[in-house]
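Next comes start-v2.cif, a file with mmCIF, C-alpha atoms.
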data_run
#
loop_
_atom_site.label_atom_id
_atom_site.label_comp_id
_atom_site.auth_asym_id
_atom_site.auth_seq_id
_atom_site.Cartn_x
_atom_site.Cartn_y
_atom_site.Cartn_z
CA MET J 1 10.19 15.98 4.87
CA ILE J 2 10.33 12.61 6.59
CA GLU J 3 13.76 11.07 6.11
CA THR J 4 15.34 7.84 7.33
CA LEU J 5 18.97 6.82 6.99
CA GLY J 6 20.13 3.26 7.64
CA LEU J 7 16.89 2.49 9.51
CA ARG J 8 17.11 -0.86 11.29
CA LYS J 9 14.78 -2.67 13.67
CA GLN J 10 15.42 -6.02 15.33
CA PHE J 11 13.09 -8.13 17.45
CA GLY J 12 15.52 -10.48 19.17
CA ALA J 13 17.32 -12.41 16.44
CA LYS J 14 14.83 -11.34 13.76
CA THR J 15 15.62 -8.29 11.64
CA ALA J 16 12.35 -6.68 10.55
CA VAL J 17 13.84 -3.54 8.95
CA ASP J 18 17.34 -3.66 7.55
CA GLY J 19 19.05 -0.40 6.56
CA LEU J 20 16.21 1.50 4.89
CA ASN J 21 16.77 4.94 3.41
CA LEU J 22 13.47 6.71 2.72
CA VAL J 23 12.42 10.23 1.79
CA ILE J 24 8.77 11.27 2.14
CA PRO J 25 8.47 14.92 1.11
CA GLN J 26 5.51 17.17 1.72
CA GLY J 27 3.14 17.63 -1.19
CA ARG J 28 3.40 14.04 -2.43
CA VAL J 29 1.90 10.60 -1.80
CA THR J 30 4.75 8.10 -1.40
CA GLY J 31 4.10 4.36 -1.49
CA LEU J 32 5.80 1.67 0.58
CA LEU J 33 5.14 -1.75 -0.91
CA GLY J 34 6.19 -5.35 -0.37
CA LEU J 35 4.82 -8.79 0.31
CA ASN J 36 3.50 -9.75 3.75
CA GLY J 37 6.31 -9.64 6.30
CA ALA J 38 8.39 -7.20 4.24
CA GLY J 39 8.64 -4.70 7.12
CA LYS J 40 6.10 -2.09 6.01
CA THR J 41 4.06 -1.87 9.20
CA THR J 42 7.16 -1.94 11.40
CA THR J 43 8.58 0.99 9.42
CA ILE J 44 5.38 2.98 9.76
CA LYS J 45 5.19 2.31 13.50
CA ILE J 46 8.74 3.63 13.91
CA LEU J 47 7.80 6.80 12.01
CA ALA J 48 4.68 7.11 14.18
CA THR J 49 6.82 6.93 17.39
CA LEU J 50 5.10 3.65 18.39
CA LEU J 51 8.38 1.73 18.06
CA ARG J 52 11.98 2.83 18.54
CA GLN J 53 14.50 1.84 15.90
CA THR J 54 17.44 -0.39 16.85
CA SER J 55 19.81 1.82 14.84
CA GLY J 56 19.78 4.42 12.08
CA THR J 57 18.28 7.90 12.11
CA VAL J 58 14.80 9.29 11.55
CA ARG J 59 13.90 12.93 11.01
CA ILE J 60 10.32 14.18 10.69
CA GLY J 61 10.19 17.82 9.70
CA GLY J 62 13.71 18.10 11.10
CA LEU J 63 12.66 16.62 14.46
CA ASP J 64 14.07 13.48 16.10
CA PRO J 65 11.19 11.14 17.12
CA VAL J 66 13.32 9.59 19.88
CA LYS J 67 14.37 12.88 21.47
CA GLN J 68 11.30 14.95 20.56
CA PRO J 69 8.38 12.48 20.43
CA HIS J 70 5.69 14.92 21.62
CA ALA J 71 6.64 17.55 19.05
CA VAL J 72 6.65 14.89 16.32
CA ARG J 73 3.22 13.56 17.33
CA ARG J 74 1.69 16.99 16.88
CA ARG J 75 2.81 16.99 13.25
CA ILE J 76 1.83 13.45 12.25
CA ASN J 77 -1.07 11.03 12.45
CA LEU J 78 -1.59 7.38 11.68
CA ILE J 79 -4.52 5.59 10.07
CA ALA J 80 -4.18 1.80 10.18
CA GLY J 81 -6.80 -0.45 8.64
CA GLY J 82 -7.86 -3.49 10.66
CA GLU J 83 -6.71 -2.07 14.02
CA ARG J 84 -8.92 -0.58 16.73
CA MET J 85 -7.88 3.05 17.03
CA VAL J 86 -11.04 4.46 18.62
CA TYR J 87 -12.93 3.79 21.86
CA ALA J 88 -15.93 1.47 21.57
CA ARG J 89 -17.87 2.90 24.54
CA LEU J 90 -17.76 6.45 23.26
CA THR J 91 -19.91 7.80 20.47
CA GLY J 92 -18.34 8.83 17.18
CA ARG J 93 -18.51 12.51 18.07
CA GLU J 94 -17.16 11.89 21.59
CA ASN J 95 -14.18 10.01 20.12
CA LEU J 96 -13.26 12.93 17.89
CA TRP J 97 -13.71 15.41 20.74
CA TYR J 98 -11.48 13.28 22.99
CA PHE J 99 -8.67 12.98 20.45
CA GLY J 100 -8.97 16.67 19.61
CA GLN J 101 -8.45 17.49 23.28
CA LEU J 102 -5.28 15.38 23.32
CA TYR J 103 -3.91 17.67 20.61
CA ASP J 104 -4.96 20.80 22.55
CA ILE J 105 -7.14 21.98 19.68
CA PRO J 106 -9.21 24.99 20.84
CA GLY J 107 -12.92 24.26 21.15
CA LYS J 108 -13.95 26.94 18.64
CA VAL J 109 -11.73 25.20 16.04
CA LEU J 110 -12.46 21.64 17.12
CA LYS J 111 -16.28 21.73 17.06
CA PRO J 112 -16.66 22.68 13.37
CA ARG J 113 -13.76 20.41 12.40
CA ILE J 114 -15.51 17.42 14.02
CA GLU J 115 -18.68 18.09 12.04
CA GLU J 116 -16.70 18.48 8.81
CA LEU J 117 -14.88 15.19 9.37
CA LEU J 118 -18.07 13.33 10.29
CA GLU J 119 -19.62 14.51 7.06
CA LEU J 120 -16.48 13.63 5.12
CA VAL J 121 -16.59 9.98 6.25
CA GLY J 122 -20.38 9.66 6.08
CA LEU J 123 -21.05 9.34 9.82
CA THR J 124 -23.08 12.45 10.57
CA GLU J 125 -26.26 10.47 11.29
CA ALA J 126 -24.37 7.95 13.47
CA ALA J 127 -22.32 10.55 15.32
CA GLY J 128 -24.33 10.09 18.54
CA THR J 129 -24.16 6.28 18.46
CA ARG J 130 -21.64 4.33 20.50
CA VAL J 131 -18.86 2.83 18.40
CA GLU J 132 -19.56 -0.64 19.85
CA GLN J 133 -22.70 -0.58 17.69
CA TYR J 134 -20.81 0.39 14.53
CA SER J 135 -20.03 -2.02 11.73
CA ARG J 136 -16.40 -2.69 10.87
CA GLY J 137 -16.59 -0.30 7.94
CA MET J 138 -18.11 2.46 10.07
CA THR J 139 -15.40 2.01 12.69
CA GLN J 140 -12.72 2.31 10.04
CA ARG J 141 -14.34 5.45 8.67
CA LEU J 142 -14.28 6.95 12.16
CA SER J 143 -10.59 6.01 12.42
CA ILE J 144 -9.98 8.00 9.26
CA ALA J 145 -11.67 11.05 10.77
CA ARG J 146 -9.61 10.59 13.95
CA GLY J 147 -6.43 10.51 11.85
CA LEU J 148 -7.27 13.90 10.37
CA ILE J 149 -8.39 15.57 13.61
CA ASN J 150 -5.09 17.42 14.21
CA ASP J 151 -4.69 18.53 10.58
CA PRO J 152 -1.31 16.72 10.40
CA ASP J 153 1.61 17.76 8.21
CA TYR J 154 2.41 14.09 7.62
CA LEU J 155 -0.13 11.31 7.34
CA LEU J 156 0.90 7.66 7.69
CA LEU J 157 -1.59 5.31 6.03
CA ASP J 158 -1.24 1.57 6.70
CA GLU J 159 -3.89 -0.25 4.64
CA PRO J 160 -6.35 2.62 5.22
CA THR J 161 -9.14 1.28 2.98
CA LEU J 162 -9.14 -2.23 4.45
CA GLY J 163 -12.76 -3.27 5.06
CA LEU J 164 -14.26 -0.16 3.47
CA ASP J 165 -17.06 -0.20 0.94
CA ALA J 166 -16.01 0.87 -2.55
CA PRO J 167 -17.69 4.33 -2.42
CA ILE J 168 -16.07 5.22 0.92
CA ALA J 169 -12.67 3.92 -0.27
CA ARG J 170 -13.00 6.03 -3.40
CA ASP J 171 -13.86 9.11 -1.34
CA LEU J 172 -10.85 8.48 0.92
CA ARG J 173 -8.55 8.32 -2.09
CA LYS J 174 -9.88 11.69 -3.22
CA VAL J 175 -9.23 13.12 0.25
CA VAL J 176 -5.67 11.74 0.29
CA ALA J 177 -4.90 13.19 -3.15
CA GLU J 178 -6.31 16.56 -2.08
CA LEU J 179 -4.25 16.54 1.13
CA ALA J 180 -1.07 16.00 -0.88
CA ARG J 181 -2.01 18.78 -3.29
CA HIS J 182 -2.29 21.10 -0.31
CA GLY J 183 1.23 20.30 0.82
CA LYS J 184 0.89 17.36 3.21
CA GLY J 185 3.34 14.47 3.10
CA VAL J 186 1.61 11.08 2.85
CA LEU J 187 3.13 7.62 3.21
CA LEU J 188 0.84 4.83 2.00
CA THR J 189 1.00 1.05 2.27
CA SER J 190 -1.75 -0.91 0.57
CA HIS J 191 -2.40 -4.32 -0.94
CA TYR J 192 -4.78 -2.63 -3.40
CA LEU J 193 -2.13 -1.85 -5.99
CA ALA J 194 -4.53 -0.03 -8.29
CA GLU J 195 -4.94 2.40 -5.38
CA VAL J 196 -1.17 2.86 -5.20
CA GLU J 197 -0.86 3.40 -8.96
CA GLN J 198 -3.61 6.00 -8.79
CA LEU J 199 -2.22 7.95 -5.83
CA CYS J 200 1.55 7.52 -5.58
CA GLU J 201 4.08 9.58 -7.47
CA HIS J 202 6.98 7.63 -5.97
CA VAL J 203 7.09 4.08 -4.61
CA TYR J 204 9.60 2.15 -2.50
CA VAL J 205 9.54 -1.64 -2.77
CA ILE J 206 11.04 -3.61 0.13
CA GLY J 207 11.56 -7.27 0.93
CA ASP J 208 12.66 -8.73 4.27
CA GLY J 209 13.09 -5.16 5.47
CA ARG J 210 15.55 -4.28 2.70
CA HIS J 211 15.33 -1.84 -0.17
CA LEU J 212 14.62 -3.61 -3.48
CA ALA J 213 13.72 -0.77 -5.83
CA GLU J 214 12.13 2.66 -6.09
CA GLY J 215 10.61 4.96 -8.68
CA THR J 216 7.26 5.86 -10.17
CA PRO J 217 4.93 2.89 -10.79
CA ALA J 218 5.74 3.13 -14.51
CA GLN J 219 9.49 3.19 -13.84
CA LEU J 220 9.26 0.12 -11.58
CA ILE J 221 7.39 -1.80 -14.26
CA ALA J 222 10.01 -0.79 -16.84
CA GLN J 223 12.93 -1.64 -14.51
CA THR J 224 11.71 -5.19 -13.98
CA GLY J 225 11.22 -5.82 -17.68
CA CYS J 226 7.61 -6.90 -17.24
CA HIS J 227 5.77 -7.24 -20.56
CA ARG J 228 2.22 -7.28 -21.76
CA THR J 229 0.58 -10.68 -21.56
CA VAL J 230 -1.47 -12.25 -24.34
CA ARG J 231 -4.01 -14.90 -23.24
CA VAL J 232 -5.68 -16.88 -26.00
CA THR J 233 -8.56 -19.20 -25.11
CA VAL J 234 -8.64 -22.11 -27.57
CA SER J 235 -11.47 -24.55 -28.22
CA GLY J 236 -10.12 -27.94 -29.21
CA LEU J 237 -6.59 -27.62 -27.89
CA THR J 238 -5.08 -30.56 -29.76
CA PRO J 239 -1.44 -31.69 -29.49
CA GLU J 240 -0.87 -30.12 -32.92
CA VAL J 241 -2.15 -26.73 -31.73
CA GLU J 242 -0.08 -26.96 -28.57
CA ALA J 243 3.04 -27.82 -30.58
CA ALA J 244 2.43 -24.87 -32.91
CA ALA J 245 2.09 -22.51 -29.95
CA LEU J 246 5.29 -23.79 -28.34
CA ALA J 247 7.11 -23.56 -31.67
CA PHE J 248 6.00 -19.95 -32.00
CA ASP J 249 7.85 -19.03 -28.78
CA PRO J 250 9.47 -21.26 -26.11
CA ALA J 251 8.10 -18.90 -23.43
CA VAL J 252 4.52 -19.89 -24.28
CA ARG J 253 2.62 -21.34 -21.31
CA VAL J 254 -0.22 -23.79 -21.92
CA ILE J 255 -2.50 -23.64 -18.90
CA SER J 256 -4.89 -26.44 -19.86
CA GLN J 257 -4.38 -29.44 -22.09
CA ASP J 258 -7.97 -30.75 -22.23
CA ALA J 259 -8.66 -31.19 -25.92
CA ARG J 260 -12.42 -31.45 -25.38
CA GLU J 261 -12.92 -28.40 -23.16
CA GLY J 262 -10.08 -26.39 -24.63
CA GLY J 263 -7.49 -24.38 -22.77
CA VAL J 264 -5.47 -21.19 -22.55
CA VAL J 265 -2.25 -20.29 -24.31
CA GLU J 266 -0.38 -17.49 -22.55
CA LEU J 267 2.67 -15.49 -23.60
CA SER J 268 4.40 -12.48 -22.04
CA ARG J 269 6.64 -10.64 -24.47
CA PRO J 270 7.55 -7.05 -25.45
CA GLY J 271 5.84 -5.67 -28.50
CA ASP J 272 2.61 -6.78 -30.14
CA VAL J 273 2.62 -10.56 -30.56
CA ALA J 274 -1.13 -11.14 -30.30
CA GLY J 275 -1.78 -11.26 -34.06
CA ALA J 276 1.12 -13.56 -34.91
CA LEU J 277 0.36 -15.94 -32.02
CA THR J 278 -3.32 -16.27 -32.91
CA MET J 279 -2.44 -16.91 -36.56
CA ALA J 280 -0.08 -19.70 -35.53
CA ILE J 281 -2.83 -21.29 -33.43
CA VAL J 282 -5.49 -20.98 -36.15
CA GLY J 283 -3.04 -22.26 -38.76
CA ALA J 284 -2.61 -25.44 -36.71
CA GLY J 285 -6.39 -26.00 -36.61
CA GLY J 286 -7.24 -24.29 -33.32
CA THR J 287 -10.45 -22.33 -32.83
CA LEU J 288 -10.23 -19.11 -30.84
CA SER J 289 -12.97 -18.46 -28.29
CA GLY J 290 -11.34 -15.57 -26.46
CA LEU J 291 -8.44 -13.13 -26.54
CA GLU J 292 -7.14 -10.93 -23.69
CA ILE J 293 -4.22 -8.53 -23.74
CA ALA J 294 -3.09 -7.35 -20.28
CA GLU J 295 -0.57 -4.56 -19.84
CA PRO J 296 2.08 -5.16 -17.15
CA SER J 297 1.02 -3.98 -13.69
CA LEU J 298 2.67 -2.84 -10.50
CA GLU J 299 1.79 -6.22 -9.02
CA ASP J 300 3.81 -7.91 -11.77
CA ALA J 301 6.77 -5.68 -10.96
CA ILE J 302 6.65 -6.43 -7.22
CA LEU J 303 6.43 -10.16 -7.80
CA ALA J 304 9.34 -9.99 -10.24
CA LEU J 305 11.47 -8.05 -7.74
CA ASN J 306 10.75 -10.58 -5.00
CA ASP J 307 11.50 -13.48 -7.34
CA ARG J 308 14.87 -11.92 -8.16
CA ARG J 309 15.58 -11.43 -4.45
CA ALA J 310 14.73 -15.08 -3.75
CA VAL J 311 17.01 -16.26 -6.56
CA ALA J 312 19.85 -14.02 -5.31
CA MET J 313 19.44 -15.32 -1.75
CA THR J 314 19.45 -18.94 -2.95
CA ALA J 315 22.56 -18.32 -5.05
CA GLY J 316 24.28 -16.65 -2.10
CA ALA J 317 23.45 -19.56 0.17
CA GLY J 318 24.79 -21.98 -2.44
CA ARG J 319 28.08 -20.14 -2.66
CA GLN J 320 28.45 -20.23 1.13
CA VAL J 321 27.83 -23.99 1.16
CA ALA J 322 30.37 -24.49 -1.63
CA ARG J 323 33.01 -22.68 0.43
#

Could you rewrite the structure in this file as structure tokens?
Amino acid sequence: MIETLGLRKQFGAKTAVDGLNLVIPQGRVTGLLGLNGAGKTTTIKILATLLRQTSGTVRIGGLDPVKQPHAVRRRINLIAGGERMVYARLTGRENLWYFGQLYDIPGKVLKPRIEELLELVGLTEAAGTRVEQYSRGMTQRLSIARGLINDPDYLLLDEPTLGLDAPIARDLRKVVAELARHGKGVLLTSHYLAEVEQLCEHVYVIGDGRHLAEGTPAQLIAQTGCHRTVRVTVSGLTPEVEAAALAFDPAVRVISQDAREGGVVELSRPGDVAGALTMAIVGAGGTLSGLEIAEPSLEDAILALNDRRAVAMTAGAGRQVAR
């Protein structure tokens, strides 16, 4: 497995990663989530031996990346969306051959693997074209093939589907799930949270480099107390209708108050409140033109965790000032 204990990384006075404990076992896709600046990419670069931690320990398959970087690099690979990880003046096939040589892969193994990977990412026809003529999506697809060239035990994915067309992104998700089923350890960061919910059995949520929560996507949603949201679109949102909605539950949010064009009444609560809320609105003279019921999502959970962290930090700062 990949394991970190008390992982910390500082850039001058800024602490990017602050005491993270992570476990990424083989045979599972593990998610690492957080808002921008949370420390996700820094963590992945440490695991990929591109950065050295300030303190704490890292073990990858029992190996120390600081003392045994070459041995670690043979067992891992990194796919990072939005970053150039291939050579523009080489063709797609030449890139894969070059990176395969860096891993000392025998030619009789490397040649068929290159063709398999080119087919996997849909670049067989463009394999002889220089990468400088590729589109952004094609370049990213080649980066995915490059990341699989050494058949790694552990795959680090930092926004891997960024810039990819939907069919290619879908195919990549299938590949990632299959890799995990065959025993590979995968660490995934992504802003596409539906992707995370689909792939990840376990998720770590971090903020300002610190651990906020962990669990399955369903457990994280339950831990944060996020509820289903009822959105009622009302034609003729009069003051009487608004008052009835607010009287139904103080947590009701009225998004628009334009009586002529109507508006939206929104409520997040446990249980099924849609029927009772709509009856209260109709009873006050409102006309319903739409009804949506949204189950709580992983995005809701992450935002709730970060809101709690912000409140805790503000309260802590207030106590320090009071002293």

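Checking J:Thr216, J:Pro239, J:Ile2, J:Leu90 one by one against J:Leu63, counting all atoms listed in the file, you find the shortest gap at J:Ile2.
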
(message) Expand the PyMOL selection byres ((chain J and resi 66) around 12) into the explicit residue set it covers here, and present it as an MDAnalysis selection string.
(response) chainID J and resid 46:60 63:65 67:73

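Between atom CA of J:Tyr204 and atom CA of J:Leu35 the interatomic distance comes to 12.3 Å.
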
(message) Expand the PyMOL selection byres ((chain J and resi 160) around 7) into the explicit residue set it covers here, and present it as a list of chain:residue names.
(response) J:Ile79, J:Ala80, J:Gly81, J:Leu157, J:Asp158, J:Glu159, J:Thr161, J:Leu162

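Take atom CA of J:Gly122 and atom CA of J:Arg93: the distance between them is 12.5 Å.
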
(request) Just the residues within 7 Å of stretch 163-180 of chain J, please, counting all atoms listed in the file, with nothing from its chain fewer than 4 positions along; format it as number ranges by chain. (result) J: 27-29, 136-137, 184-186, 199

(request) Return as an MDAnalysis selection string the set of residues that the PyMOL selection byres ((chain J and resi 215) around 6) yields on the displayed structure. (result) chainID J and resid 202:203 214 216 219:220

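Considering the residues J:Lys9, J:Lys111, J:Arg130, J:Arg84 and counting all atoms listed in the file, J:Thr42 has its shortest atom-to-atom contact with J:Lys9.
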
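In this comparison, which uses only C-alpha atoms, the residue of J:Gly209, J:Gly61, J:Gly290, J:Gly92 approaching J:Arg146 most closely is J:Gly92.
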
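Interatomic distance, atom CA of J:Asn150 against atom CA of J:His182: 15.2 Å.
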
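Proximity of J:Ala280, J:Ala247, J:Val230, J:Val254 to J:Ala294, computed with all atoms listed in the file, is greatest for J:Val230.
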